[in-house]
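Note: the block below is coords_26.cif and it holds mmCIF, C-alpha atoms.
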```cif
data_start
loop_
_atom_site.group_PDB
_atom_site.id
_atom_site.type_symbol
_atom_site.label_atom_id
_atom_site.label_comp_id
_atom_site.auth_asym_id
_atom_site.auth_seq_id
_atom_site.Cartn_x
_atom_site.Cartn_y
_atom_site.Cartn_z
ATOM 1 C CA MET W 1 0.000 0.000 0.000
ATOM 2 C CA LYS W 2 1.188 3.527 -0.735
ATOM 3 C CA LYS W 3 1.269 6.233 1.915
ATOM 4 C CA ALA W 4 -2.331 7.368 2.307
ATOM 5 C CA LEU W 5 -2.369 10.029 5.029
ATOM 6 C CA ASP W 6 0.037 12.846 5.943
ATOM 7 C CA SER W 7 -0.923 13.118 9.597
ATOM 8 C CA ASN W 8 -1.174 10.197 11.980
ATOM 9 C CA LYS W 9 -2.610 12.290 14.793
ATOM 10 C CA ILE W 10 -5.766 10.620 16.081
ATOM 11 C CA ALA W 11 -8.529 13.218 16.362
ATOM 12 C CA GLN W 12 -11.523 11.149 17.476
ATOM 13 C CA ILE W 13 -12.545 7.721 18.682
ATOM 14 C CA GLY W 14 -16.102 6.803 17.710
ATOM 15 C CA ILE W 15 -18.185 4.464 19.862
ATOM 16 C CA ILE W 16 -21.561 3.153 18.705
ATOM 17 C CA VAL W 17 -24.164 2.982 21.471
ATOM 18 C CA ARG W 18 -27.832 2.007 21.765
ATOM 19 C CA ASP W 19 -28.797 4.633 24.365
ATOM 20 C CA ILE W 20 -26.751 7.817 24.107
ATOM 21 C CA GLU W 21 -28.334 9.468 27.163
ATOM 22 C CA LYS W 22 -27.517 6.521 29.397
ATOM 23 C CA THR W 23 -23.966 6.054 28.121
ATOM 24 C CA SER W 24 -23.217 9.810 28.160
ATOM 25 C CA GLN W 25 -24.358 9.900 31.773
ATOM 26 C CA ALA W 26 -22.125 6.935 32.610
ATOM 27 C CA TYR W 27 -19.077 8.681 31.073
ATOM 28 C CA ALA W 28 -19.918 11.942 32.838
ATOM 29 C CA ASP W 29 -20.239 10.162 36.183
ATOM 30 C CA PHE W 30 -17.094 8.078 35.649
ATOM 31 C CA PHE W 31 -14.936 11.142 35.025
ATOM 32 C CA GLY W 32 -16.851 13.571 37.225
ATOM 33 C CA ILE W 33 -17.615 15.924 34.326
ATOM 34 C CA GLU W 34 -20.686 17.527 32.746
ATOM 35 C CA LYS W 35 -22.876 15.384 30.536
ATOM 36 C CA PRO W 36 -22.714 16.922 27.056
ATOM 37 C CA LYS W 37 -25.947 17.558 25.165
ATOM 38 C CA ALA W 38 -26.489 15.004 22.408
ATOM 39 C CA VAL W 39 -27.080 16.547 18.993
ATOM 40 C CA TRP W 40 -28.695 15.062 15.892
ATOM 41 C CA THR W 41 -26.761 14.991 12.627
ATOM 42 C CA ASP W 42 -28.506 16.767 9.772
ATOM 43 C CA GLY W 43 -31.070 15.109 7.525
ATOM 44 C CA TYR W 44 -30.387 14.284 3.886
ATOM 45 C CA GLU W 45 -31.190 17.756 2.535
ATOM 46 C CA LYS W 46 -28.196 19.179 4.430
ATOM 47 C CA ALA W 47 -25.948 16.180 5.112
ATOM 48 C CA GLU W 48 -26.313 14.582 1.669
ATOM 49 C CA THR W 49 -25.426 11.282 3.287
ATOM 50 C CA VAL W 50 -24.261 8.548 0.918
ATOM 51 C CA TYR W 51 -23.896 5.006 2.295
ATOM 52 C CA LYS W 52 -22.529 2.273 0.031
ATOM 53 C CA GLU W 53 -23.003 4.528 -2.995
ATOM 54 C CA LYS W 54 -26.700 5.219 -2.287
ATOM 55 C CA PRO W 55 -28.341 8.292 -0.738
ATOM 56 C CA SER W 56 -29.478 7.540 2.806
ATOM 57 C CA ASN W 57 -31.743 9.189 5.354
ATOM 58 C CA ALA W 58 -29.360 7.947 8.040
ATOM 59 C CA ARG W 59 -28.993 10.232 11.010
ATOM 60 C CA ALA W 60 -27.416 9.787 14.401
ATOM 61 C CA GLN W 61 -27.319 11.440 17.778
ATOM 62 C CA LEU W 62 -23.773 12.439 18.712
ATOM 63 C CA ALA W 63 -22.195 13.352 22.057
ATOM 64 C CA PHE W 64 -18.582 14.514 22.372
ATOM 65 C CA PHE W 65 -16.142 14.277 25.264
ATOM 66 C CA ASP W 66 -12.744 16.025 25.145
ATOM 67 C CA MET W 67 -10.256 13.489 26.507
ATOM 68 C CA GLY W 68 -6.803 14.998 26.240
ATOM 69 C CA SER W 69 -6.133 15.895 22.608
ATOM 70 C CA VAL W 70 -8.614 13.253 21.440
ATOM 71 C CA GLN W 71 -12.387 13.541 21.300
ATOM 72 C CA LEU W 72 -14.434 10.545 22.294
ATOM 73 C CA GLU W 73 -17.613 10.518 20.213
ATOM 74 C CA LEU W 74 -20.699 8.543 21.213
ATOM 75 C CA ILE W 75 -23.008 7.722 18.304
ATOM 76 C CA GLN W 76 -26.574 6.440 18.471
ATOM 77 C CA PRO W 77 -27.783 5.752 14.923
ATOM 78 C CA ASN W 78 -31.357 5.867 13.663
ATOM 79 C CA GLU W 79 -32.876 2.908 11.773
ATOM 80 C CA GLU W 80 -31.862 4.026 8.258
ATOM 81 C CA PRO W 81 -28.937 2.299 6.479
ATOM 82 C CA SER W 82 -25.545 3.578 7.661
ATOM 83 C CA THR W 83 -22.116 2.382 8.730
ATOM 84 C CA TRP W 84 -23.235 3.135 12.299
ATOM 85 C CA LYS W 85 -26.342 0.945 12.065
ATOM 86 C CA GLU W 86 -24.389 -1.782 10.281
ATOM 87 C CA TYR W 87 -21.811 -1.832 13.076
ATOM 88 C CA LEU W 88 -24.500 -2.039 15.741
ATOM 89 C CA ASP W 89 -26.264 -4.881 13.913
ATOM 90 C CA THR W 90 -23.106 -6.908 13.302
ATOM 91 C CA HIS W 91 -20.866 -6.105 16.308
ATOM 92 C CA GLY W 92 -23.141 -4.556 18.908
ATOM 93 C CA GLU W 93 -21.957 -1.545 20.873
ATOM 94 C CA GLY W 94 -18.252 -0.650 20.795
ATOM 95 C CA VAL W 95 -15.457 1.291 19.102
ATOM 96 C CA GLN W 96 -16.408 1.618 15.431
ATOM 97 C CA HIS W 97 -13.846 4.062 14.070
ATOM 98 C CA ILE W 98 -10.873 6.315 14.694
ATOM 99 C CA ALA W 99 -10.792 9.672 12.923
ATOM 100 C CA PHE W 100 -8.073 11.782 11.331
ATOM 101 C CA ILE W 101 -8.224 15.338 10.061
ATOM 102 C CA THR W 102 -7.149 16.083 6.499
ATOM 103 C CA ASP W 103 -7.187 19.200 4.363
ATOM 104 C CA LYS W 104 -7.173 17.202 1.139
ATOM 105 C CA MET W 105 -10.289 15.069 1.452
ATOM 106 C CA LYS W 106 -10.937 14.351 -2.221
ATOM 107 C CA GLU W 107 -7.298 13.564 -2.973
ATOM 108 C CA ARG W 108 -7.029 11.212 0.033
ATOM 109 C CA VAL W 109 -10.261 9.392 -0.684
ATOM 110 C CA ASP W 110 -9.343 8.987 -4.357
ATOM 111 C CA ALA W 111 -5.882 7.661 -3.431
ATOM 112 C CA MET W 112 -7.287 5.156 -0.962
ATOM 113 C CA GLN W 113 -9.906 3.978 -3.423
ATOM 114 C CA SER W 114 -7.190 3.411 -6.029
ATOM 115 C CA GLU W 115 -5.503 1.162 -3.433
ATOM 116 C CA GLY W 116 -8.675 -0.886 -3.000
ATOM 117 C CA ILE W 117 -9.952 0.815 0.168
ATOM 118 C CA SER W 118 -13.606 1.558 -0.457
ATOM 119 C CA LEU W 119 -15.593 4.583 0.665
ATOM 120 C CA ILE W 120 -18.274 3.276 3.049
ATOM 121 C CA GLN W 121 -20.161 6.465 3.823
ATOM 122 C CA LYS W 122 -19.782 10.204 3.371
ATOM 123 C CA GLY W 123 -21.692 13.308 4.322
ATOM 124 C CA GLU W 124 -21.597 17.004 5.092
ATOM 125 C CA TYR W 125 -21.843 18.717 8.451
ATOM 126 C CA THR W 126 -21.886 22.410 9.333
ATOM 127 C CA GLY W 127 -18.334 23.533 8.594
ATOM 128 C CA GLY W 128 -17.014 20.409 6.932
ATOM 129 C CA ARG W 129 -17.433 16.873 5.664
ATOM 130 C CA TYR W 130 -16.555 13.304 6.599
ATOM 131 C CA ALA W 131 -15.735 10.045 4.866
ATOM 132 C CA TYR W 132 -15.627 6.579 6.411
ATOM 133 C CA MET W 133 -13.089 4.371 4.626
ATOM 134 C CA ASP W 134 -13.066 0.586 4.759
ATOM 135 C CA THR W 135 -9.639 0.096 6.286
ATOM 136 C CA THR W 136 -10.938 -2.824 8.371
ATOM 137 C CA GLU W 137 -9.110 -5.591 6.501
ATOM 138 C CA ASP W 138 -5.711 -3.880 6.609
ATOM 139 C CA LEU W 139 -5.879 -1.760 9.771
ATOM 140 C CA LYS W 140 -8.549 -3.649 11.790
ATOM 141 C CA VAL W 141 -10.723 -0.601 12.366
ATOM 142 C CA ILE W 142 -12.634 1.834 10.163
ATOM 143 C CA PHE W 143 -10.811 5.121 9.559
ATOM 144 C CA GLU W 144 -12.834 8.307 9.269
ATOM 145 C CA LEU W 145 -11.453 11.349 7.481
ATOM 146 C CA LEU W 146 -12.645 14.798 8.537
ATOM 147 C CA GLU W 147 -12.159 17.948 6.466
ATOM 148 C CA ASN W 148 -13.053 21.232 8.119
ATOM 149 C CA ASP W 149 -13.596 24.409 6.087
ATOM 150 C CA LYS W 150 -11.159 27.239 6.721
ATOM 151 C CA MET Y 1 -21.576 5.567 39.649
ATOM 152 C CA LYS Y 2 -19.068 7.655 41.612
ATOM 153 C CA LYS Y 3 -16.191 9.449 39.940
ATOM 154 C CA ALA Y 4 -13.610 6.767 39.226
ATOM 155 C CA LEU Y 5 -10.698 8.464 37.438
ATOM 156 C CA ASP Y 6 -9.035 11.860 37.864
ATOM 157 C CA SER Y 7 -7.671 12.185 34.355
ATOM 158 C CA ASN Y 8 -9.713 11.618 31.224
ATOM 159 C CA LYS Y 9 -6.713 11.907 28.918
ATOM 160 C CA ILE Y 10 -6.627 8.890 26.620
ATOM 161 C CA ALA Y 11 -3.112 7.437 26.577
ATOM 162 C CA GLN Y 12 -3.487 4.373 24.359
ATOM 163 C CA ILE Y 13 -5.875 2.619 22.021
ATOM 164 C CA GLY Y 14 -5.398 -1.159 21.973
ATOM 165 C CA ILE Y 15 -6.196 -3.195 18.873
ATOM 166 C CA ILE Y 16 -6.177 -7.004 18.917
ATOM 167 C CA VAL Y 17 -4.702 -8.557 15.770
ATOM 168 C CA ARG Y 18 -3.997 -12.063 14.508
ATOM 169 C CA ASP Y 19 -0.771 -11.240 12.651
ATOM 170 C CA ILE Y 20 1.155 -8.375 14.221
ATOM 171 C CA GLU Y 21 3.875 -8.299 11.557
ATOM 172 C CA LYS Y 22 1.362 -7.953 8.747
ATOM 173 C CA THR Y 23 -0.780 -5.332 10.493
ATOM 174 C CA SER Y 24 2.250 -3.339 11.708
ATOM 175 C CA GLN Y 25 3.503 -3.239 8.129
ATOM 176 C CA ALA Y 26 0.100 -2.070 6.911
ATOM 177 C CA TYR Y 27 0.084 0.792 9.444
ATOM 178 C CA ALA Y 28 3.671 1.725 8.597
ATOM 179 C CA ASP Y 29 2.863 1.783 4.884
ATOM 180 C CA PHE Y 30 -0.386 3.689 5.368
ATOM 181 C CA PHE Y 31 1.315 6.516 7.271
ATOM 182 C CA GLY Y 32 4.700 6.325 5.554
ATOM 183 C CA ILE Y 33 6.547 5.615 8.805
ATOM 184 C CA GLU Y 34 8.947 2.998 10.157
ATOM 185 C CA LYS Y 35 7.512 -0.364 11.172
ATOM 186 C CA PRO Y 36 8.141 -0.716 14.918
ATOM 187 C CA LYS Y 37 9.700 -3.905 16.252
ATOM 188 C CA ALA Y 38 7.113 -6.101 17.971
ATOM 189 C CA VAL Y 39 8.077 -7.091 21.514
ATOM 190 C CA TRP Y 40 6.816 -9.968 23.668
ATOM 191 C CA THR Y 41 5.332 -9.229 27.075
ATOM 192 C CA ASP Y 42 7.072 -10.992 29.959
ATOM 193 C CA GLY Y 43 6.239 -14.527 31.069
ATOM 194 C CA TYR Y 44 4.530 -15.279 34.356
ATOM 195 C CA GLU Y 45 7.683 -15.141 36.503
ATOM 196 C CA LYS Y 46 8.062 -11.429 35.715
ATOM 197 C CA ALA Y 47 4.597 -10.292 34.630
ATOM 198 C CA GLU Y 48 2.656 -12.200 37.316
ATOM 199 C CA THR Y 49 -0.329 -12.098 35.009
ATOM 200 C CA VAL Y 50 -3.694 -12.729 36.632
ATOM 201 C CA TYR Y 51 -6.725 -13.245 34.381
ATOM 202 C CA LYS Y 52 -10.157 -13.650 35.964
ATOM 203 C CA GLU Y 53 -8.531 -14.167 39.367
ATOM 204 C CA LYS Y 54 -6.253 -17.001 38.180
ATOM 205 C CA PRO Y 55 -2.542 -16.920 37.325
ATOM 206 C CA SER Y 56 -2.049 -17.163 33.558
ATOM 207 C CA ASN Y 57 0.842 -17.834 31.224
ATOM 208 C CA ALA Y 58 -0.730 -15.378 28.822
ATOM 209 C CA ARG Y 59 1.711 -13.364 26.773
ATOM 210 C CA ALA Y 60 1.317 -11.133 23.766
ATOM 211 C CA GLN Y 61 3.398 -9.467 21.113
ATOM 212 C CA LEU Y 62 2.987 -5.691 21.210
ATOM 213 C CA ALA Y 63 3.791 -2.977 18.652
ATOM 214 C CA PHE Y 64 3.381 0.728 19.415
ATOM 215 C CA PHE Y 65 2.713 3.673 17.098
ATOM 216 C CA ASP Y 66 2.826 7.269 18.379
ATOM 217 C CA MET Y 67 -0.198 8.993 16.840
ATOM 218 C CA GLY Y 68 -0.335 12.510 18.207
ATOM 219 C CA SER Y 69 -0.542 12.347 21.987
ATOM 220 C CA VAL Y 70 -2.069 8.871 21.829
ATOM 221 C CA GLN Y 71 -0.276 5.574 21.326
ATOM 222 C CA LEU Y 72 -1.882 3.001 19.110
ATOM 223 C CA GLU Y 73 -0.980 -0.459 20.434
ATOM 224 C CA LEU Y 74 -1.270 -3.600 18.320
ATOM 225 C CA ILE Y 75 -1.599 -6.788 20.368
ATOM 226 C CA GLN Y 76 -1.211 -10.373 19.133
ATOM 227 C CA PRO Y 77 -2.012 -12.733 22.014
ATOM 228 C CA ASN Y 78 -0.663 -16.217 22.557
ATOM 229 C CA GLU Y 79 -3.004 -19.170 23.158
ATOM 230 C CA GLU Y 80 -3.139 -18.913 26.965
ATOM 231 C CA PRO Y 81 -6.225 -17.447 28.696
ATOM 232 C CA SER Y 82 -6.274 -13.624 28.617
ATOM 233 C CA THR Y 83 -8.554 -10.684 27.928
ATOM 234 C CA TRP Y 84 -6.728 -10.376 24.593
ATOM 235 C CA LYS Y 85 -7.429 -13.980 23.558
ATOM 236 C CA GLU Y 86 -11.007 -13.730 24.812
ATOM 237 C CA TYR Y 87 -11.585 -10.635 22.670
ATOM 238 C CA LEU Y 88 -10.132 -12.324 19.599
ATOM 239 C CA ASP Y 89 -12.269 -15.422 20.157
ATOM 240 C CA THR Y 90 -15.507 -13.514 20.734
ATOM 241 C CA HIS Y 91 -15.152 -10.358 18.579
ATOM 242 C CA GLY Y 92 -12.331 -11.064 16.162
ATOM 243 C CA GLU Y 93 -9.767 -8.369 15.434
ATOM 244 C CA GLY Y 94 -10.529 -4.798 16.486
ATOM 245 C CA VAL Y 95 -10.294 -2.118 19.173
ATOM 246 C CA GLN Y 96 -10.325 -3.935 22.526
ATOM 247 C CA HIS Y 97 -9.480 -1.184 25.013
ATOM 248 C CA ILE Y 98 -8.604 2.427 25.671
ATOM 249 C CA ALA Y 99 -5.988 3.166 28.316
ATOM 250 C CA PHE Y 100 -5.558 5.875 30.954
ATOM 251 C CA ILE Y 101 -2.580 6.623 33.155
ATOM 252 C CA THR Y 102 -3.043 6.788 36.917
ATOM 253 C CA ASP Y 103 -0.672 7.226 39.821
ATOM 254 C CA LYS Y 104 -3.097 5.589 42.253
ATOM 255 C CA MET Y 105 -3.615 2.157 40.741
ATOM 256 C CA LYS Y 106 -4.688 0.246 43.827
ATOM 257 C CA GLU Y 107 -7.062 2.974 45.021
ATOM 258 C CA ARG Y 108 -8.662 3.290 41.576
ATOM 259 C CA VAL Y 109 -9.076 -0.452 41.079
ATOM 260 C CA ASP Y 110 -10.541 -0.855 44.578
ATOM 261 C CA ALA Y 111 -12.973 2.020 43.997
ATOM 262 C CA MET Y 112 -14.135 0.612 40.666
ATOM 263 C CA GLN Y 113 -14.561 -2.845 42.121
ATOM 264 C CA SER Y 114 -16.701 -1.408 44.909
ATOM 265 C CA GLU Y 115 -18.906 0.062 42.150
ATOM 266 C CA GLY Y 116 -19.316 -3.350 40.542
ATOM 267 C CA ILE Y 117 -16.666 -2.949 37.815
ATOM 268 C CA SER Y 118 -14.602 -6.122 37.919
ATOM 269 C CA LEU Y 119 -10.886 -6.486 37.374
ATOM 270 C CA ILE Y 120 -10.470 -8.619 34.251
ATOM 271 C CA GLN Y 121 -6.702 -8.933 34.092
ATOM 272 C CA LYS Y 122 -3.633 -7.426 35.688
ATOM 273 C CA GLY Y 123 0.101 -7.739 35.341
ATOM 274 C CA GLU Y 124 3.494 -6.136 35.718
ATOM 275 C CA TYR Y 125 5.784 -4.764 33.044
ATOM 276 C CA THR Y 126 9.227 -3.234 33.295
ATOM 277 C CA GLY Y 127 8.613 0.094 35.001
ATOM 278 C CA GLY Y 128 4.980 -0.324 35.887
ATOM 279 C CA ARG Y 129 1.765 -2.318 35.965
ATOM 280 C CA TYR Y 130 -1.579 -2.520 34.193
ATOM 281 C CA ALA Y 131 -5.154 -3.444 35.015
ATOM 282 C CA TYR Y 132 -7.990 -4.128 32.584
ATOM 283 C CA MET Y 133 -11.347 -3.168 34.099
ATOM 284 C CA ASP Y 134 -14.688 -4.451 32.860
ATOM 285 C CA THR Y 135 -16.256 -1.131 31.938
ATOM 286 C CA THR Y 136 -17.917 -2.702 28.899
ATOM 287 C CA GLU Y 137 -21.492 -2.610 30.169
ATOM 288 C CA ASP Y 138 -21.366 1.051 31.227
ATOM 289 C CA LEU Y 139 -18.794 2.577 28.871
ATOM 290 C CA LYS Y 140 -18.986 0.143 25.917
ATOM 291 C CA VAL Y 141 -15.253 -0.569 25.832
ATOM 292 C CA ILE Y 142 -12.717 -2.055 28.247
ATOM 293 C CA PHE Y 143 -10.685 0.567 30.134
ATOM 294 C CA GLU Y 144 -7.056 -0.191 30.946
ATOM 295 C CA LEU Y 145 -5.272 1.581 33.775
ATOM 296 C CA LEU Y 146 -1.512 2.055 33.575
ATOM 297 C CA GLU Y 147 0.672 2.993 36.529
ATOM 298 C CA ASN Y 148 4.278 3.839 35.786
ATOM 299 C CA ASP Y 149 6.962 3.867 38.505
ATOM 300 C CA LYS Y 150 8.546 7.243 39.184
#
```
Now, as a test, write the supplied structure out as structure tokens.
Amino acid sequence: MKKALDSNKIAQIGIIVRDIEKTSQAYADFFGIEKPKAVWTDGYEKAETVYKEKPSNARAQLAFFDMGSVQLELIQPNEEPSTWKEYLDTHGEGVQHIAFITDKMKERVDAMQSEGISLIQKGEYTGGRYAYMDTTEDLKVIFELLENDK
Amino acid sequence: MKKALDSNKIAQIGIIVRDIEKTSQAYADFFGIEKPKAVWTDGYEKAETVYKEKPSNARAQLAFFDMGSVQLELIQPNEEPSTWKEYLDTHGEGVQHIAFITDKMKERVDAMQSEGISLIQKGEYTGGRYAYMDTTEDLKVIFELLENDK
């Protein structure tokens, strides 16, 4: 495999959960910190979510904890097709991805795809966009790329 | 649950693998960095490994990648009973734990146990000791505590 990413700084760890309120409360209690407010990802009209090459109405509730220089992200998916729902259905709750920030999203995704790493899901969020890449076979966990607008 | 840890800074992410040489090479290639040398954990006479309250001859090969302020740790277990082997047998390859550093190991483990979080496995390494705690039900991933000698 050719070099695929410039930075190896882990930005986020994503954990799929069934009940984000309950698990957020457990994290808050465990560390003695405030429970963050869970927020819904945007619907298709804004997020333009594509999962396995098809538009999807997938949404998720997200809650973020700053843990050193890494964010821990709890994710409770809705019932629509997504990498989040697929993980929950096949693995149950647990760590689904680790995320890296890039400023060359298209170039990185194209390069990975040319190396046989498929794009699982992509979408827009306010201020940026994400792409989940199927690095599971080689790297044993899904990698997410994040590109934030400047 | 009462507050159980002082620091919420993630120190390590542990990934269980079947072939540490192959996966280390894949990570090295992906990020364009040197492949680290995998090292065996100590045998029982030094590590004093205890898994589910019984002494174990469990060992593992470990390879570490510095990824920002977090270390990514690849772990290939041997065939003896361990939390690593159990994860591989029940989940396959993937993220098995996240680790936090403490300077009050015994106090923290005792406090968690009194809250119903069991100690899965513990052991010594050169310069310190570790404890895997069964935080899976509450926090959806195993937490490892690391205490390094000063």
For this structure, which residues satisfy the selection - the PyMOL selection byres ((chain Y and resi 69-86) around 7) - when it is evaluated on the file as given? I want them as a PDB file with C-alpha atoms, keeping the file's coordinate frame.
```pdb
ATOM      1  CA  SER W  69      -6.133  15.895  22.608  1.00  0.00           C
TER       2      SER W  69
ATOM      3  CA  ILE Y  10      -6.627   8.890  26.620  1.00  0.00           C
ATOM      4  CA  ALA Y  11      -3.112   7.437  26.577  1.00  0.00           C
ATOM      5  CA  GLN Y  12      -3.487   4.373  24.359  1.00  0.00           C
ATOM      6  CA  ILE Y  13      -5.875   2.619  22.021  1.00  0.00           C
ATOM      7  CA  GLY Y  14      -5.398  -1.159  21.973  1.00  0.00           C
ATOM      8  CA  ILE Y  15      -6.196  -3.195  18.873  1.00  0.00           C
ATOM      9  CA  ILE Y  16      -6.177  -7.004  18.917  1.00  0.00           C
ATOM     10  CA  VAL Y  17      -4.702  -8.557  15.770  1.00  0.00           C
ATOM     11  CA  ARG Y  18      -3.997 -12.063  14.508  1.00  0.00           C
ATOM     12  CA  ASP Y  19      -0.771 -11.240  12.651  1.00  0.00           C
ATOM     13  CA  ILE Y  20       1.155  -8.375  14.221  1.00  0.00           C
ATOM     14  CA  TYR Y  51      -6.725 -13.245  34.381  1.00  0.00           C
ATOM     15  CA  SER Y  56      -2.049 -17.163  33.558  1.00  0.00           C
ATOM     16  CA  ASN Y  57       0.842 -17.834  31.224  1.00  0.00           C
ATOM     17  CA  ALA Y  58      -0.730 -15.378  28.822  1.00  0.00           C
ATOM     18  CA  ARG Y  59       1.711 -13.364  26.773  1.00  0.00           C
ATOM     19  CA  ALA Y  60       1.317 -11.133  23.766  1.00  0.00           C
ATOM     20  CA  GLN Y  61       3.398  -9.467  21.113  1.00  0.00           C
ATOM     21  CA  LEU Y  62       2.987  -5.691  21.210  1.00  0.00           C
ATOM     22  CA  ALA Y  63       3.791  -2.977  18.652  1.00  0.00           C
ATOM     23  CA  PHE Y  64       3.381   0.728  19.415  1.00  0.00           C
ATOM     24  CA  PHE Y  65       2.713   3.673  17.098  1.00  0.00           C
ATOM     25  CA  ASP Y  66       2.826   7.269  18.379  1.00  0.00           C
ATOM     26  CA  MET Y  67      -0.198   8.993  16.840  1.00  0.00           C
ATOM     27  CA  GLY Y  68      -0.335  12.510  18.207  1.00  0.00           C
ATOM     28  CA  TYR Y  87     -11.585 -10.635  22.670  1.00  0.00           C
ATOM     29  CA  LEU Y  88     -10.132 -12.324  19.599  1.00  0.00           C
ATOM     30  CA  ASP Y  89     -12.269 -15.422  20.157  1.00  0.00           C
ATOM     31  CA  THR Y  90     -15.507 -13.514  20.734  1.00  0.00           C
ATOM     32  CA  ILE Y 120     -10.470  -8.619  34.251  1.00  0.00           C
ATOM     33  CA  GLN Y 121      -6.702  -8.933  34.092  1.00  0.00           C
TER      34      GLN Y 121
END
```
I'd like a table as a tab-separated table: residues in chain W with an atom no more than 6 Å from chain Y, each row giving the shortest atom pair and its distance in Å to one decimal, only C-alpha atoms counted, sorted by chain and rising residue number.
```
residue	atom	partner	partner_atom	distance
W:Met1	CA	Y:Asp29	CA	5.9
W:Lys3	CA	Y:Phe30	CA	4.6
W:Ala4	CA	Y:Phe30	CA	5.2
W:Leu5	CA	Y:Phe31	CA	5.6
W:Asn8	CA	Y:Met67	CA	5.1
W:Lys9	CA	Y:Gly68	CA	4.1
W:Ile10	CA	Y:Met67	CA	5.9
W:Asp29	CA	Y:Lys3	CA	5.6
W:Phe30	CA	Y:Lys3	CA	4.6
W:Phe31	CA	Y:Lys3	CA	5.3
W:Gly32	CA	Y:Lys3	CA	5.0
W:Met67	CA	Y:Lys9	CA	4.6
W:Gly68	CA	Y:Lys9	CA	4.1
W:Gly94	CA	Y:Lys140	CA	5.2
W:Lys140	CA	Y:Gly94	CA	5.2
W:Val141	CA	Y:Gly94	CA	5.9
```
Point-to-point distance in Å for atom CA of Pro36 of chain Y and atom CA of Met133 of chain W: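 Separation of atom CA of Met133 of chain W and atom CA of Pro36 of chain Y: 24.1 Å.
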Please determine, counting all atoms listed in the file, which residue among W:Asp149, W:Glu107, W:Glu115, W:Glu21 has the shortest atom-to-atom distance to Asp134 of chain W.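 Ranking W:Asp149, W:Glu107, W:Glu115, W:Glu21 by distance to Asp134 of chain W, first place goes to W:Glu115.
Here the question is which of W:Asp110, W:Glu48, W:Glu53, W:Glu34 gets nearest to Arg129 of chain W using all atoms listed in the file, and that residue is W:Glu48.
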Run the PyMOL selection byres ((chain Y and resi 145) around 8) against the file shown and list the residues it catches, as a PDB file with C-alpha atoms, in the coordinates of the input.
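Ended up saving to result-v1.pdb:
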```pdb
ATOM      1  CA  ALA Y  99      -5.988   3.166  28.316  1.00  0.00           C
ATOM      2  CA  PHE Y 100      -5.558   5.875  30.954  1.00  0.00           C
ATOM      3  CA  ILE Y 101      -2.580   6.623  33.155  1.00  0.00           C
ATOM      4  CA  THR Y 102      -3.043   6.788  36.917  1.00  0.00           C
ATOM      5  CA  MET Y 105      -3.615   2.157  40.741  1.00  0.00           C
ATOM      6  CA  TYR Y 130      -1.579  -2.520  34.193  1.00  0.00           C
ATOM      7  CA  ALA Y 131      -5.154  -3.444  35.015  1.00  0.00           C
ATOM      8  CA  TYR Y 132      -7.990  -4.128  32.584  1.00  0.00           C
ATOM      9  CA  MET Y 133     -11.347  -3.168  34.099  1.00  0.00           C
ATOM     10  CA  PHE Y 143     -10.685   0.567  30.134  1.00  0.00           C
ATOM     11  CA  GLU Y 144      -7.056  -0.191  30.946  1.00  0.00           C
ATOM     12  CA  LEU Y 146      -1.512   2.055  33.575  1.00  0.00           C
ATOM     13  CA  GLU Y 147       0.672   2.993  36.529  1.00  0.00           C
TER      14      GLU Y 147
END
```
Just the number, please: distance in Å from atom CA of Leu119 of chain W to atom CA of Val50 of chain W, one decimal.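 The value is 9.5 Å.
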